[in-house]
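To be precise, the following lines are run_19.pdb, and they hold PDB, C-alpha atoms.
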MODEL        1
ATOM      1  CA  MET A 794     -39.533  38.526 -75.754
ATOM      2  CA  THR A 795     -38.748  41.519 -77.959
ATOM      3  CA  GLY A 796     -39.935  43.723 -75.112
ATOM      4  CA  VAL A 797     -37.279  42.349 -72.758
ATOM      5  CA  TRP A 798     -34.463  43.166 -75.183
ATOM      6  CA  VAL A 799     -35.844  46.608 -75.925
ATOM      7  CA  LEU A 800     -36.157  47.244 -72.183
ATOM      8  CA  VAL A 801     -32.576  46.155 -71.486
ATOM      9  CA  GLY A 802     -31.281  48.116 -74.492
ATOM     10  CA  THR A 803     -33.123  51.260 -73.461
ATOM     11  CA  LEU A 804     -31.856  51.093 -69.889
ATOM     12  CA  VAL A 805     -28.258  50.517 -71.030
ATOM     13  CA  ALA A 806     -28.555  53.417 -73.490
ATOM     14  CA  GLY A 807     -29.980  55.515 -70.655
ATOM     15  CA  LEU A 808     -27.063  54.674 -68.365
ATOM     16  CA  LEU A 809     -24.526  55.547 -71.078
ATOM     17  CA  ALA A 810     -26.298  58.787 -71.977
ATOM     18  CA  GLY A 811     -26.609  59.725 -68.305
ATOM     19  CA  ALA A 812     -22.928  59.140 -67.647
ATOM     20  CA  LEU A 813     -21.978  61.095 -70.780
ATOM     21  CA  LEU A 814     -24.240  64.017 -69.876
ATOM     22  CA  ALA A 815     -22.925  64.112 -66.326
ATOM     23  CA  ARG A 816     -19.367  64.245 -67.673
ATOM     24  CA  ARG A 817     -20.178  66.940 -70.231
ATOM     25  CA  ASN A 818     -22.081  69.146 -67.812
ATOM     26  CA  GLY A 819     -20.176  72.361 -67.212
ATOM     27  CA  ARG A 820     -17.492  71.408 -69.728
ATOM     28  CA  ILE A 821     -15.690  74.371 -71.204
ATOM     29  CA  ARG A 822     -15.100  74.474 -74.937
ATOM     30  CA  ALA A 823     -12.758  76.949 -76.558
ATOM     31  CA  ALA A 824     -14.205  78.865 -79.486
ATOM     32  CA  GLY A 825     -12.893  77.729 -82.859
ATOM     33  CA  PRO A 826     -11.488  80.397 -85.227
ATOM     34  CA  ALA A 827     -14.588  80.247 -87.418
ATOM     35  CA  ARG A 828     -16.823  80.762 -84.400
ATOM     36  CA  ALA A 829     -14.788  83.665 -83.121
ATOM     37  CA  GLU A 830     -15.177  85.604 -86.375
ATOM     38  CA  HIS A 831     -18.839  84.820 -86.808
ATOM     39  CA  ALA A 832     -21.164  87.828 -86.548
ATOM     40  CA  LEU A 833     -23.249  87.760 -83.389
ATOM     41  CA  PRO A 834     -27.037  87.526 -83.686
ATOM     42  CA  ALA A 835     -28.563  90.954 -83.044
ATOM     43  CA  PRO A 836     -30.219  90.099 -79.686
ATOM     44  CA  VAL A 837     -26.835  88.962 -78.351
ATOM     45  CA  ALA A 838     -24.992  91.994 -79.718
ATOM     46  CA  ALA A 839     -27.665  94.185 -78.093
ATOM     47  CA  VAL A 840     -26.845  93.042 -74.551
ATOM     48  CA  LEU A 841     -23.118  93.667 -74.991
ATOM     49  CA  ASP A 842     -21.506  96.745 -73.473
ATOM     50  CA  THR A 843     -18.765  97.570 -75.965
ATOM     51  CA  SER A 844     -17.950 100.981 -74.483
ATOM     52  CA  ALA A 845     -14.440 101.694 -73.166
ATOM     53  CA  THR A 846     -15.660 101.204 -69.600
ATOM     54  CA  GLY A 847     -17.420  97.951 -70.480
ATOM     55  CA  PRO A 848     -16.450  94.617 -68.912
ATOM     56  CA  ALA A 849     -13.488  92.601 -70.180
ATOM     57  CA  VAL A 850     -15.646  89.498 -70.386
ATOM     58  CA  THR A 851     -19.433  89.223 -70.731
ATOM     59  CA  LEU A 852     -21.083  85.924 -69.918
ATOM     60  CA  VAL A 853     -24.195  85.586 -72.050
ATOM     61  CA  GLN A 854     -26.326  82.791 -70.653
ATOM     62  CA  LEU A 855     -28.905  81.423 -73.098
ATOM     63  CA  SER A 856     -31.989  80.187 -71.250
ATOM     64  CA  THR A 857     -35.545  79.116 -71.941
ATOM     65  CA  THR A 858     -38.659  79.177 -69.815
ATOM     66  CA  PHE A 859     -38.651  75.388 -69.950
ATOM     67  CA  CYS A 860     -35.176  74.918 -68.565
ATOM     68  CA  ALA A 861     -34.827  73.769 -64.972
ATOM     69  CA  PRO A 862     -30.997  73.945 -64.625
ATOM     70  CA  CYS A 863     -30.962  77.497 -66.043
ATOM     71  CA  ARG A 864     -31.899  78.717 -62.577
ATOM     72  CA  HIS A 865     -28.830  77.042 -61.078
ATOM     73  CA  ALA A 866     -26.620  78.423 -63.834
ATOM     74  CA  ARG A 867     -28.019  81.906 -63.166
ATOM     75  CA  ALA A 868     -27.137  81.620 -59.467
ATOM     76  CA  VAL A 869     -23.599  80.353 -60.146
ATOM     77  CA  LEU A 870     -22.800  82.959 -62.809
ATOM     78  CA  GLY A 871     -24.515  85.848 -61.029
ATOM     79  CA  GLN A 872     -22.446  85.303 -57.900
ATOM     80  CA  LEU A 873     -19.257  84.823 -59.898
ATOM     81  CA  ALA A 874     -19.771  88.070 -61.818
ATOM     82  CA  GLU A 875     -20.553  89.927 -58.623
ATOM     83  CA  ARG A 876     -17.245  89.090 -56.975
ATOM     84  CA  THR A 877     -15.064  89.259 -60.112
ATOM     85  CA  ASP A 878     -13.806  92.523 -61.568
ATOM     86  CA  GLY A 879     -14.371  92.972 -65.282
ATOM     87  CA  LEU A 880     -16.903  90.145 -65.473
ATOM     88  CA  ARG A 881     -20.545  90.721 -66.322
ATOM     89  CA  HIS A 882     -23.380  88.199 -66.489
ATOM     90  CA  VAL A 883     -26.419  88.616 -68.740
ATOM     91  CA  GLU A 884     -29.213  86.120 -69.202
ATOM     92  CA  LEU A 885     -30.909  85.964 -72.585
ATOM     93  CA  ASP A 886     -34.240  84.152 -72.822
ATOM     94  CA  VAL A 887     -34.427  82.506 -76.251
ATOM     95  CA  THR A 888     -37.772  80.739 -75.706
ATOM     96  CA  HIS A 889     -39.424  82.925 -78.305
ATOM     97  CA  GLN A 890     -36.370  83.497 -80.474
ATOM     98  CA  PRO A 891     -34.983  79.998 -81.116
ATOM     99  CA  GLN A 892     -33.277  81.316 -84.255
ATOM    100  CA  VAL A 893     -30.714  82.998 -81.991
ATOM    101  CA  ALA A 894     -29.742  79.616 -80.556
ATOM    102  CA  GLN A 895     -29.726  78.159 -84.045
ATOM    103  CA  GLN A 896     -27.359  80.833 -85.372
ATOM    104  CA  LEU A 897     -25.032  80.184 -82.461
ATOM    105  CA  GLY A 898     -25.237  76.409 -82.863
ATOM    106  CA  VAL A 899     -26.699  75.962 -79.384
ATOM    107  CA  LEU A 900     -28.844  72.859 -78.893
ATOM    108  CA  ARG A 901     -29.417  72.760 -75.155
ATOM    109  CA  THR A 902     -29.920  75.258 -72.401
ATOM    110  CA  PRO A 903     -28.297  76.550 -70.391
ATOM    111  CA  THR A 904     -25.396  77.313 -72.701
ATOM    112  CA  THR A 905     -23.174  80.201 -71.700
ATOM    113  CA  LEU A 906     -21.003  82.154 -74.117
ATOM    114  CA  ALA A 907     -18.052  84.117 -72.790
ATOM    115  CA  LEU A 908     -17.600  87.126 -75.036
ATOM    116  CA  GLY A 909     -14.652  89.504 -75.198
ATOM    117  CA  PRO A 910     -14.964  93.313 -75.280
ATOM    118  CA  GLU A 911     -15.614  93.320 -79.040
ATOM    119  CA  GLY A 912     -18.131  90.504 -78.880
ATOM    120  CA  ASP A 913     -15.579  87.893 -79.904
ATOM    121  CA  GLU A 914     -16.393  84.468 -78.500
ATOM    122  CA  LEU A 915     -13.733  83.263 -76.057
ATOM    123  CA  LEU A 916     -15.337  80.024 -74.973
ATOM    124  CA  ARG A 917     -18.671  78.424 -74.231
ATOM    125  CA  VAL A 918     -20.005  76.213 -71.482
ATOM    126  CA  SER A 919     -22.955  73.850 -71.818
ATOM    127  CA  GLY A 920     -24.930  72.892 -68.747
ATOM    128  CA  VAL A 921     -24.439  74.415 -65.309
ATOM    129  CA  PRO A 922     -20.930  75.927 -65.212
ATOM    130  CA  LYS A 923     -18.505  75.188 -62.405
ATOM    131  CA  ALA A 924     -17.356  78.569 -61.086
ATOM    132  CA  PRO A 925     -13.691  77.773 -60.280
ATOM    133  CA  GLU A 926     -13.040  76.099 -63.636
ATOM    134  CA  LEU A 927     -14.727  78.877 -65.545
ATOM    135  CA  LEU A 928     -12.801  81.536 -63.663
ATOM    136  CA  ALA A 929      -9.515  79.747 -64.357
ATOM    137  CA  ALA A 930     -10.325  79.556 -68.069
ATOM    138  CA  LEU A 931     -11.177  83.277 -68.193
ATOM    139  CA  GLU A 932      -8.271  84.451 -66.053
ATOM    140  CA  ALA A 933      -6.082  85.477 -68.992
ATOM    141  CA  HIS A 934      -8.893  87.473 -70.600
ATOM    142  CA  LEU A 935      -9.856  89.183 -67.352
ATOM    143  CA  THR A 936      -6.367  90.359 -66.438
ATOM    144  CA  ARG A 937      -5.358  91.449 -69.919
ATOM    145  CA  ALA A 938      -5.489  95.222 -70.026
ATOM    146  CA  ARG A 939      -8.097  96.670 -72.325
ATOM    147  CA  PRO A 940      -6.646  98.499 -75.317
ATOM    148  CA  THR A 941      -7.124 102.189 -74.556
ATOM    149  CA  ASP A 942      -6.056 103.818 -77.817
TER
ATOM    150  CA  MET B 109     -41.907  83.065 -60.581
ATOM    151  CA  SER B 110     -44.866  82.760 -58.272
ATOM    152  CA  ALA B 111     -44.970  80.303 -55.389
ATOM    153  CA  SER B 112     -47.905  78.446 -56.936
ATOM    154  CA  SER B 113     -45.905  77.526 -60.029
ATOM    155  CA  ALA B 114     -43.062  76.017 -58.024
ATOM    156  CA  VAL B 115     -42.888  72.479 -56.674
ATOM    157  CA  ASP B 116     -40.823  70.356 -54.292
ATOM    158  CA  PRO B 117     -38.193  68.959 -56.731
ATOM    159  CA  ARG B 118     -38.381  65.501 -55.146
ATOM    160  CA  GLY B 119     -41.984  65.122 -56.360
ATOM    161  CA  PRO B 120     -41.130  65.056 -60.076
ATOM    162  CA  ARG B 121     -38.196  62.762 -59.345
ATOM    163  CA  PHE B 122     -40.551  60.340 -57.595
ATOM    164  CA  ALA B 123     -42.973  60.636 -60.521
ATOM    165  CA  ALA B 124     -40.118  59.812 -62.914
ATOM    166  CA  VAL B 125     -39.365  56.628 -60.958
ATOM    167  CA  VAL B 126     -43.003  55.518 -61.081
ATOM    168  CA  THR B 127     -43.166  56.406 -64.794
ATOM    169  CA  THR B 128     -40.008  54.361 -65.457
ATOM    170  CA  VAL B 129     -41.499  51.308 -63.746
ATOM    171  CA  VAL B 130     -44.839  51.661 -65.549
ATOM    172  CA  LEU B 131     -43.190  52.012 -68.974
ATOM    173  CA  ALA B 132     -40.877  49.061 -68.257
ATOM    174  CA  VAL B 133     -43.913  46.920 -67.447
ATOM    175  CA  VAL B 134     -45.568  48.070 -70.692
ATOM    176  CA  LEU B 135     -42.501  46.979 -72.680
ATOM    177  CA  LEU B 136     -42.381  43.612 -70.917
ATOM    178  CA  THR B 137     -46.071  42.789 -71.234
ATOM    179  CA  GLY B 138     -47.157  44.812 -74.266
ATOM    180  CA  TRP B 139     -50.358  45.499 -72.298
ATOM    181  CA  TRP B 140     -51.405  48.735 -73.959
ATOM    182  CA  PRO B 141     -54.226  49.780 -71.561
ATOM    183  CA  LEU B 142     -51.476  50.481 -69.012
ATOM    184  CA  LEU B 143     -49.722  52.707 -71.551
ATOM    185  CA  ALA B 144     -53.047  54.426 -72.225
ATOM    186  CA  ALA B 145     -53.343  55.113 -68.478
ATOM    187  CA  GLN B 146     -49.802  56.539 -68.450
ATOM    188  CA  THR B 147     -50.758  58.739 -71.412
ATOM    189  CA  VAL B 148     -53.617  60.170 -69.347
ATOM    190  CA  VAL B 149     -51.203  60.740 -66.426
ATOM    191  CA  PHE B 150     -48.841  62.680 -68.744
ATOM    192  CA  ALA B 151     -51.785  64.658 -70.137
ATOM    193  CA  ILE B 152     -52.941  65.754 -66.682
ATOM    194  CA  GLY B 153     -49.432  66.872 -65.720
ATOM    195  CA  ALA B 154     -48.919  68.714 -68.988
ATOM    196  CA  PHE B 155     -52.293  70.329 -69.629
ATOM    197  CA  VAL B 156     -54.058  70.531 -66.246
ATOM    198  CA  GLY B 157     -51.242  71.055 -63.773
ATOM    199  CA  LEU B 158     -48.675  69.234 -61.682
ATOM    200  CA  ARG B 159     -50.666  69.325 -58.441
ATOM    201  CA  PRO B 160     -53.577  67.179 -59.683
ATOM    202  CA  ALA B 161     -51.221  64.832 -61.570
ATOM    203  CA  PRO B 162     -51.730  61.335 -60.095
ATOM    204  CA  TYR B 163     -48.076  60.676 -59.233
ATOM    205  CA  SER B 164     -47.739  64.050 -57.452
ATOM    206  CA  VAL B 165     -50.825  63.205 -55.421
ATOM    207  CA  LEU B 166     -49.236  59.845 -54.595
ATOM    208  CA  TYR B 167     -46.026  61.649 -53.614
ATOM    209  CA  ARG B 168     -47.803  64.102 -51.319
ATOM    210  CA  VAL B 169     -49.898  61.400 -49.622
ATOM    211  CA  LEU B 170     -47.384  58.555 -49.346
ATOM    212  CA  VAL B 171     -43.855  59.909 -49.630
ATOM    213  CA  ALA B 172     -43.687  63.564 -48.575
ATOM    214  CA  PRO B 173     -44.932  62.957 -44.984
ATOM    215  CA  ARG B 174     -41.975  60.589 -44.458
ATOM    216  CA  LEU B 175     -39.364  63.077 -45.702
ATOM    217  CA  ARG B 176     -38.026  66.224 -44.138
ATOM    218  CA  PRO B 177     -39.740  69.293 -45.504
ATOM    219  CA  THR B 178     -37.616  71.222 -47.970
ATOM    220  CA  SER B 179     -37.615  74.863 -48.902
ATOM    221  CA  GLU B 180     -36.066  73.979 -52.242
ATOM    222  CA  ARG B 181     -38.398  74.706 -55.099
ATOM    223  CA  GLU B 182     -38.324  73.981 -58.777
ATOM    224  CA  ASP B 183     -40.165  75.920 -61.462
ATOM    225  CA  ALA B 184     -43.131  73.999 -62.848
ATOM    226  CA  ALA B 185     -42.930  75.221 -66.471
ATOM    227  CA  PRO B 186     -40.025  72.975 -67.576
ATOM    228  CA  LEU B 187     -41.610  69.970 -65.891
ATOM    229  CA  ARG B 188     -44.936  70.516 -67.575
ATOM    230  CA  PHE B 189     -43.209  70.878 -70.934
ATOM    231  CA  ALA B 190     -41.420  67.566 -70.330
ATOM    232  CA  GLN B 191     -44.746  65.932 -69.411
ATOM    233  CA  ALA B 192     -46.116  67.169 -72.752
ATOM    234  CA  VAL B 193     -43.195  65.533 -74.565
ATOM    235  CA  GLY B 194     -43.882  62.313 -72.642
ATOM    236  CA  PHE B 195     -47.550  62.603 -73.564
ATOM    237  CA  VAL B 196     -46.767  62.693 -77.286
ATOM    238  CA  PHE B 197     -44.578  59.564 -77.122
ATOM    239  CA  ALA B 198     -47.027  57.666 -74.895
ATOM    240  CA  LEU B 199     -49.922  58.585 -77.186
ATOM    241  CA  VAL B 200     -48.058  57.387 -80.281
ATOM    242  CA  GLY B 201     -47.129  54.209 -78.406
ATOM    243  CA  THR B 202     -50.708  53.547 -77.324
ATOM    244  CA  VAL B 203     -52.011  54.065 -80.851
ATOM    245  CA  GLY B 204     -49.272  51.768 -82.162
ATOM    246  CA  TYR B 205     -50.096  48.903 -79.802
ATOM    247  CA  ALA B 206     -53.861  49.328 -80.120
ATOM    248  CA  ALA B 207     -53.775  49.520 -83.923
ATOM    249  CA  GLY B 208     -51.738  46.339 -84.252
ATOM    250  CA  LEU B 209     -48.436  48.085 -85.012
ATOM    251  CA  PRO B 210     -46.373  46.668 -82.138
ATOM    252  CA  VAL B 211     -43.083  48.026 -83.530
ATOM    253  CA  LEU B 212     -44.413  51.589 -83.364
ATOM    254  CA  GLY B 213     -45.734  50.909 -79.860
ATOM    255  CA  ILE B 214     -42.427  49.472 -78.651
ATOM    256  CA  VAL B 215     -40.251  52.206 -80.192
ATOM    257  CA  ALA B 216     -42.387  55.081 -78.855
ATOM    258  CA  THR B 217     -42.546  53.474 -75.404
ATOM    259  CA  ALA B 218     -38.784  52.958 -75.428
ATOM    260  CA  PHE B 219     -38.205  56.671 -76.126
ATOM    261  CA  ALA B 220     -40.519  57.682 -73.283
ATOM    262  CA  LEU B 221     -38.816  55.169 -71.000
ATOM    263  CA  PHE B 222     -35.383  56.511 -71.963
ATOM    264  CA  ALA B 223     -36.360  60.045 -70.920
ATOM    265  CA  ALA B 224     -38.108  58.942 -67.724
ATOM    266  CA  PHE B 225     -35.154  56.746 -66.754
ATOM    267  CA  LEU B 226     -32.652  59.581 -67.298
ATOM    268  CA  ASN B 227     -34.745  61.731 -64.996
ATOM    269  CA  ALA B 228     -35.205  59.011 -62.367
ATOM    270  CA  ALA B 229     -31.574  57.857 -62.305
ATOM    271  CA  PHE B 230     -29.659  61.069 -63.004
ATOM    272  CA  GLY B 231     -32.122  63.860 -62.287
ATOM    273  CA  PHE B 232     -31.642  64.926 -65.889
ATOM    274  CA  CYS B 233     -34.769  66.312 -67.526
ATOM    275  CA  LEU B 234     -34.289  65.512 -71.213
ATOM    276  CA  GLY B 235     -37.475  67.248 -72.344
ATOM    277  CA  CYS B 236     -36.506  70.414 -70.438
ATOM    278  CA  GLU B 237     -33.000  70.728 -71.864
ATOM    279  CA  MET B 238     -33.896  69.707 -75.370
ATOM    280  CA  TYR B 239     -36.565  72.377 -75.706
ATOM    281  CA  LEU B 240     -34.537  74.245 -78.338
ATOM    282  CA  LEU B 241     -33.842  71.079 -80.290
ATOM    283  CA  ILE B 242     -37.501  70.107 -80.215
ATOM    284  CA  ARG B 243     -38.482  73.595 -81.337
ATOM    285  CA  ARG B 244     -36.121  73.269 -84.260
ATOM    286  CA  LEU B 245     -37.548  69.906 -85.296
ATOM    287  CA  ALA B 246     -41.171  70.912 -84.725
ATOM    288  CA  PRO B 247     -41.210  74.699 -85.071
ATOM    289  CA  ARG B 248     -44.940  75.122 -84.543
ATOM    290  CA  ALA B 249     -45.798  72.188 -82.328
ATOM    291  CA  GLU B 250     -45.213  73.737 -78.912
ATOM    292  CA  GLN B 251     -46.511  77.263 -79.122
ATOM    293  CA  ALA B 252     -48.426  76.916 -75.836
TER
ENDMDL
END
Can you dump the structure from the file as structure tokens?
Amino acid sequence: MTGVWVLVGTLVAGLLAGALLARRNGRIRAAGPARAEHALPAPVAAVLDTSATGPAVTLVQLSTTFCAPCRHARAVLGQLAERTDGLRHVELDVTHQPQVAQQLGVLRTPTTLALGPEGDELLRVSGVPKAPELLAALEAHLTRARPTD
Amino acid sequence: MSASSAVDPRGPRFAAVVTTVVLAVVLLTGWWPLLAAQTVVFAIGAFVGLRPAPYSVLYRVLVAPRLRPTSEREDAAPLRFAQAVGFVFALVGTVGYAAGLPVLGIVATAFALFAAFLNAAFGFCLGCEMYLLIRRLAPRAEQA
């Protein structure tokens, strides 16, 4: 009899978790002030182009070898960066450097960080991003003129 | 990624449905030899390869001929990792039931069922996405 209740409980929990995950997929979260000031892990800082001609926004996608949706995220972000001025997409494989994900507080892949010209975190997206929503959220950062002094 | 390491994504989805049914039956009956069989199925998928895994064979023989062919391919590495996670839970469950610790058997089976059900119903591969979390909890367990 216990088995029946455990079965029902597990399936209900599965339905709730599935619905929650579906709703959270591609959700955009603004970076908190603490997060924005946090020093970037070295492997992330290394992929940034902080030169004057660098992009206004860099999308750093954290992936692992074991991540099926990372491929979809790569396709979405790659195409978006290609047709958007000032937007660059970089994929960072953290399979063998999980400490990078840990420092950034990332628990699942793909998670994409949108970084400003100085490496400041603007926002992050977990799961496969939705291109129009992401573009809308980055609009202000993309159009803002880079300081040239 | 090479063509040999990629699979028709509907195969693993079908396998997840079969796995869900098998694990549900295990919970209902507490018949651990069935869970032991499922453990072997997970082990083949994780450590030998997806092609010889029993449910993929079943998919290719029974289901695939009735579906339209698809050019869509999914990388095998995440799926094999997820099978390895399933293997660990199924193994713990089998040991639990067989050693007279039904609570351990039920809990481990429920976790495996939860993951298989998420995959079957939502196409969400828990083991794949939680790789980082699992690495953090068991830093040395999944070096392969």
Original post:
In terms of the shortest atom-to-atom distance over only C-alpha atoms, which of B:Phe122, B:Tyr167, B:Phe189, B:Trp140 is closest to B:Gly231?
Top reply: B:Phe122
**OP:** Give me, please, the distance in Å between atom CA of B:Val196 and atom CA of B:Arg244, quoted to one decimal.
**Re:**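 Interatomic distance here is 16.5 Å.
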Could you give me, as a Markdown table, a per-residue list for chain B showing, wherever an atom lies at most 6 Å from an atom of chain A, the closest pair of atoms and their distance in Å to one decimal, using all atoms listed in the file and sorting by chain then residue number from low to high?
| residue | atom | partner | partner_atom | distance |
| --- | --- | --- | --- | --- |
| B:Leu135 | CA | A:Gly796 | CA | 4.8 |
| B:Leu136 | CA | A:Gly796 | CA | 4.9 |
| B:Ala185 | CA | A:Phe859 | CA | 5.5 |
| B:Pro186 | CA | A:Phe859 | CA | 3.7 |
| B:Phe222 | CA | A:Gly807 | CA | 5.6 |
| B:Leu226 | CA | A:Gly807 | CA | 5.9 |
| B:Cys236 | CA | A:Cys860 | CA | 5.1 |
| B:Glu237 | CA | A:Arg901 | CA | 5.3 |
| B:Met238 | CA | A:Arg901 | CA | 5.4 |
| B:Leu240 | CA | A:Leu900 | CA | 5.9 |
| B:Leu241 | CA | A:Leu900 | CA | 5.5 |
Original post:
What is the distance between atom CA of B:Arg168 and atom CA of A:Val921, in Å to one decimal?
Top reply: 29.1 Å
Find the axis-aligned box for stretch 896-915 of chain A, covering all its listed atoms and adding 5 Å on each side, and write its centre and edge lengths in Å to one decimal as AutoDock Vina command-line options.
--center_x -21.8 --center_y 83.0 --center_z -77.9 --size_x 26.2 --size_y 30.6 --size_z 25.0
**OP:** Go through B:Val134, B:Ala198, B:Val148, B:Leu158 and flag the residue nearest B:Pro117, using all atoms listed in the file for the distances.
**Re:**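 Closest candidate: B:Leu158.
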Original post:
Which distance in Å separates atom CA of B:Asn227 and atom CA of B:Val200, to one decimal?
Top reply: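 So the answer is 20.7 Å.
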I would like the residues chosen by the PyMOL selection byres ((chain B and resi 205) around 12) on the shown file; could you give them as a tab-separated table (two decimals) with C-alpha atoms, in the frame of the given file?
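Final output, saved to result_15.tsv:
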chain	number	residue	atom	x	y	z
B	134	VAL	CA	-45.57	48.07	-70.69
B	135	LEU	CA	-42.50	46.98	-72.68
B	137	THR	CA	-46.07	42.79	-71.23
B	138	GLY	CA	-47.16	44.81	-74.27
B	139	TRP	CA	-50.36	45.50	-72.30
B	140	TRP	CA	-51.40	48.74	-73.96
B	141	PRO	CA	-54.23	49.78	-71.56
B	142	LEU	CA	-51.48	50.48	-69.01
B	143	LEU	CA	-49.72	52.71	-71.55
B	144	ALA	CA	-53.05	54.43	-72.22
B	198	ALA	CA	-47.03	57.67	-74.90
B	199	LEU	CA	-49.92	58.58	-77.19
B	200	VAL	CA	-48.06	57.39	-80.28
B	201	GLY	CA	-47.13	54.21	-78.41
B	202	THR	CA	-50.71	53.55	-77.32
B	203	VAL	CA	-52.01	54.06	-80.85
B	204	GLY	CA	-49.27	51.77	-82.16
B	206	ALA	CA	-53.86	49.33	-80.12
B	207	ALA	CA	-53.78	49.52	-83.92
B	208	GLY	CA	-51.74	46.34	-84.25
B	209	LEU	CA	-48.44	48.08	-85.01
B	210	PRO	CA	-46.37	46.67	-82.14
B	211	VAL	CA	-43.08	48.03	-83.53
B	212	LEU	CA	-44.41	51.59	-83.36
B	213	GLY	CA	-45.73	50.91	-79.86
B	214	ILE	CA	-42.43	49.47	-78.65
B	215	VAL	CA	-40.25	52.21	-80.19
B	216	ALA	CA	-42.39	55.08	-78.86
B	217	THR	CA	-42.55	53.47	-75.40
At most 10 Å from (-17.3, 93.2, -68.1), file frame, all atoms listed in the file: which residues, as a PDB file with C-alpha atoms, in the frame of the given file?
ATOM      1  CA  LEU A 841     -23.118  93.667 -74.991  1.00  0.00           C
ATOM      2  CA  ASP A 842     -21.506  96.745 -73.473  1.00  0.00           C
ATOM      3  CA  THR A 843     -18.765  97.570 -75.965  1.00  0.00           C
ATOM      4  CA  THR A 846     -15.660 101.204 -69.600  1.00  0.00           C
ATOM      5  CA  GLY A 847     -17.420  97.951 -70.480  1.00  0.00           C
ATOM      6  CA  PRO A 848     -16.450  94.617 -68.912  1.00  0.00           C
ATOM      7  CA  ALA A 849     -13.488  92.601 -70.180  1.00  0.00           C
ATOM      8  CA  VAL A 850     -15.646  89.498 -70.386  1.00  0.00           C
ATOM      9  CA  THR A 851     -19.433  89.223 -70.731  1.00  0.00           C
ATOM     10  CA  LEU A 852     -21.083  85.924 -69.918  1.00  0.00           C
ATOM     11  CA  ALA A 874     -19.771  88.070 -61.818  1.00  0.00           C
ATOM     12  CA  THR A 877     -15.064  89.259 -60.112  1.00  0.00           C
ATOM     13  CA  ASP A 878     -13.806  92.523 -61.568  1.00  0.00           C
ATOM     14  CA  GLY A 879     -14.371  92.972 -65.282  1.00  0.00           C
ATOM     15  CA  LEU A 880     -16.903  90.145 -65.473  1.00  0.00           C
ATOM     16  CA  ARG A 881     -20.545  90.721 -66.322  1.00  0.00           C
ATOM     17  CA  HIS A 882     -23.380  88.199 -66.489  1.00  0.00           C
ATOM     18  CA  LEU A 908     -17.600  87.126 -75.036  1.00  0.00           C
ATOM     19  CA  GLY A 909     -14.652  89.504 -75.198  1.00  0.00           C
ATOM     20  CA  PRO A 910     -14.964  93.313 -75.280  1.00  0.00           C
ATOM     21  CA  LEU A 935      -9.856  89.183 -67.352  1.00  0.00           C
TER      22      LEU A 935
END
